[in-house]
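Structure first, then comments.
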Amino acid sequence: MFSTPSFAGDTQSIGPELKINRANGDKCVEPTDVMRKDHMEFLLHQRDETMYDGIRTKKYSLNECIECHANKDEKGKYIPVTAEGEFCQSCHTYASVKLDCFECHATKPRQVSFHPIVNEKMQSFADVHMRKSSTLLNDIANARKADNGHAQ
Amino acid sequence: MSDKQEQQIDQSRRGFISKSTAAAAISVIAPGITLHQVAQAKPVDEAVTSKVRWGMLIDTNKCADGCTACTTACQTENGWGSGSTDEQNSSPEQQAQWIRKVTLKNKSTGSTHSLPMMCQHCEEPPCVDVCPTGASFKRVDGIVLVDKHICIGCRYCMMACPYKARSFIHEALSDQAPHSPRGKGTVESCTMCVHKVDRGDGTTACAEACAKEGHRAIIFGDLKDPDSEISKTLKSNSTTQIRADLNLNTGVRYRGI
């Protein structure tokens, strides 16, 4: 696959400014220029493997994209990724490409509620401990990465 | 971080999770009920095989009249009916029903049976036979599903199904469960909680809820494993396939009707 020279190293200046939640780490599953060009290929490939063979690896899973890329409003509620200005929608509006995935797929992670009366403490506990990607593991991974960086 | 390190972290995490699952293998899930068996989880990156065939056995003698724990659990788990805020503009006949409680009455004796009806996950599914696009399909482990990416919403499968197990979505949806995509213009039905099966939960939402209620009327398991609870119960008891005359070899069997 060839890469467009203007894409490499110049990704920040193209397209709309994206709201990216860095809490889950600041690296996507592939470099930014690859994701920009090929995310739909990854998703298409993964979708058939999951559907027919039950292969549910997380790397190119749409649910995992949403876990990371859905932002929360001031009240802590998730905003759909298809809302104006949100991660998926802003780029698709810019590129004028229809976004079909979310006619069927969920546009935000499901928020865990223990009971109709869930207080903030419980919700914050759920946010930290019941999320699929653990903050702790990401912290360890980032710390190791930093260590490696110093060693080299 | 190098790939190798990433792998190491993942492995240790997986190890921890499997150990904690093993510890929970024998656990009391409700007073008087002990869960002994935990199905072997397949690695997430491995394809399902035809060495297993998932099925369910429903004991109608244990199914309580008026109890809707299974249907409610299915709705919550898969985000339809009461488990979702969608389908407000559809009439009750149009709204999705993946599983429903049915009461049978023998007119001559007056005896009644209550039972849940859902997709019977046939070995020879008529819905798959008639589907013009190949959207209706059977996974190699026996679970019958709709690939909504290629479903055109013709509803031929709904006509072909002898169990009236499938529903068509008439309006745009926005409140789906992440693991259970569903949308306007496509047909859907019971997935035998395929996401739970792939995760290695070894049960379905309905079976889990039924056990929690203390009825244990639904047994989920591998029909091809002679040592599974479902196979043993099928071997030692008289059970029925609904519309057995159609020779569909259903994956959902009933006892007591």
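Residues in the structure tokens are numbered from 1 in each chain, the chains being A, B, ... in the order shown, and ligands are numbered from 1 in the order shown.
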Output as JSON lines one row per residue of chain B within 9 Å of chain A: the closest atom pair and its distance in Å to one decimal place, counting only C-alpha atoms, sorted by chain and residue number ascending.
```
{"residue": "B:Met1", "atom": "CA", "partner": "A:Lys145", "partner_atom": "CA", "distance": 4.5}
{"residue": "B:Ser2", "atom": "CA", "partner": "A:Lys145", "partner_atom": "CA", "distance": 8.0}
{"residue": "B:Gln5", "atom": "CA", "partner": "A:Ala141", "partner_atom": "CA", "distance": 8.4}
{"residue": "B:Glu6", "atom": "CA", "partner": "A:Ala141", "partner_atom": "CA", "distance": 7.4}
{"residue": "B:Ile9", "atom": "CA", "partner": "A:Ala141", "partner_atom": "CA", "distance": 7.9}
{"residue": "B:Arg13", "atom": "CA", "partner": "A:Leu137", "partner_atom": "CA", "distance": 8.8}
{"residue": "B:Pro43", "atom": "CA", "partner": "A:Ile55", "partner_atom": "CA", "distance": 8.5}
{"residue": "B:Val44", "atom": "CA", "partner": "A:Arg56", "partner_atom": "CA", "distance": 5.3}
{"residue": "B:Asp45", "atom": "CA", "partner": "A:Ile55", "partner_atom": "CA", "distance": 5.2}
{"residue": "B:Glu46", "atom": "CA", "partner": "A:Ile55", "partner_atom": "CA", "distance": 5.9}
{"residue": "B:Ala47", "atom": "CA", "partner": "A:Asp53", "partner_atom": "CA", "distance": 4.7}
{"residue": "B:Val48", "atom": "CA", "partner": "A:Asp53", "partner_atom": "CA", "distance": 5.3}
{"residue": "B:Thr49", "atom": "CA", "partner": "A:Asp53", "partner_atom": "CA", "distance": 8.2}
{"residue": "B:Phe137", "atom": "CA", "partner": "A:Tyr52", "partner_atom": "CA", "distance": 8.6}
{"residue": "B:Lys138", "atom": "CA", "partner": "A:Tyr52", "partner_atom": "CA", "distance": 8.5}
{"residue": "B:Arg139", "atom": "CA", "partner": "A:Tyr52", "partner_atom": "CA", "distance": 6.1}
{"residue": "B:Val140", "atom": "CA", "partner": "A:Asp53", "partner_atom": "CA", "distance": 8.0}
{"residue": "B:Leu145", "atom": "CA", "partner": "A:Met51", "partner_atom": "CA", "distance": 8.6}
{"residue": "B:Asp147", "atom": "CA", "partner": "A:Met51", "partner_atom": "CA", "distance": 7.1}
{"residue": "B:Lys148", "atom": "CA", "partner": "A:Cys104", "partner_atom": "CA", "distance": 8.3}
{"residue": "B:Ala172", "atom": "CA", "partner": "A:Glu103", "partner_atom": "CA", "distance": 7.2}
{"residue": "B:Leu173", "atom": "CA", "partner": "A:Glu103", "partner_atom": "CA", "distance": 7.0}
{"residue": "B:Ser174", "atom": "CA", "partner": "A:Ala106", "partner_atom": "CA", "distance": 7.0}
{"residue": "B:Asp175", "atom": "CA", "partner": "A:Ala106", "partner_atom": "CA", "distance": 6.7}
{"residue": "B:Gln176", "atom": "CA", "partner": "A:Ala106", "partner_atom": "CA", "distance": 5.1}
{"residue": "B:Ala177", "atom": "CA", "partner": "A:Ala106", "partner_atom": "CA", "distance": 6.1}
{"residue": "B:Pro178", "atom": "CA", "partner": "A:Ala106", "partner_atom": "CA", "distance": 4.9}
{"residue": "B:His179", "atom": "CA", "partner": "A:Asn63", "partner_atom": "CA", "distance": 7.6}
{"residue": "B:Ser180", "atom": "CA", "partner": "A:His105", "partner_atom": "CA", "distance": 7.6}
{"residue": "B:Pro181", "atom": "CA", "partner": "A:His105", "partner_atom": "CA", "distance": 4.6}
{"residue": "B:Arg182", "atom": "CA", "partner": "A:Cys104", "partner_atom": "CA", "distance": 4.6}
{"residue": "B:Gly183", "atom": "CA", "partner": "A:Cys104", "partner_atom": "CA", "distance": 4.2}
{"residue": "B:Lys184", "atom": "CA", "partner": "A:Glu103", "partner_atom": "CA", "distance": 7.2}
{"residue": "B:Val194", "atom": "CA", "partner": "A:Gly54", "partner_atom": "CA", "distance": 8.1}
{"residue": "B:His195", "atom": "CA", "partner": "A:Gly54", "partner_atom": "CA", "distance": 8.1}
{"residue": "B:Asp198", "atom": "CA", "partner": "A:Gly54", "partner_atom": "CA", "distance": 6.2}
{"residue": "B:Arg199", "atom": "CA", "partner": "A:Arg56", "partner_atom": "CA", "distance": 8.4}
```
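Taking only C-alpha atoms, the non-local environment of Gly66 (chain B) within 12 Å (same-chain residues fewer than 5 positions away omitted) comprises Thr71, Arg100, Lys101, Val102, Thr103, Thr112, His113, Ser114, Leu115 and Pro116 of chain B.
Our summary of the geometry notes that CA of Arg243 (chain B) is positioned 29.0 Å from CA of Gly185 (chain B).
Rounded to one decimal, CA of Thr93 (chain A) and CA of Val81 (chain A) lie 12.3 Å from each other.
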Q: With a distance cut-off of 8 Å and only C-alpha atoms, select the neighbouring residues of region 118-134 of chain B, excluding the residue or stretch itself and same-chain residues fewer than 4 positions from it, and output the selection as a PyMOL selection string.
A: chain B and resi 55+98-100+138+142-144+150-152+156-158+160-161+163+165-166+189-191+247-253
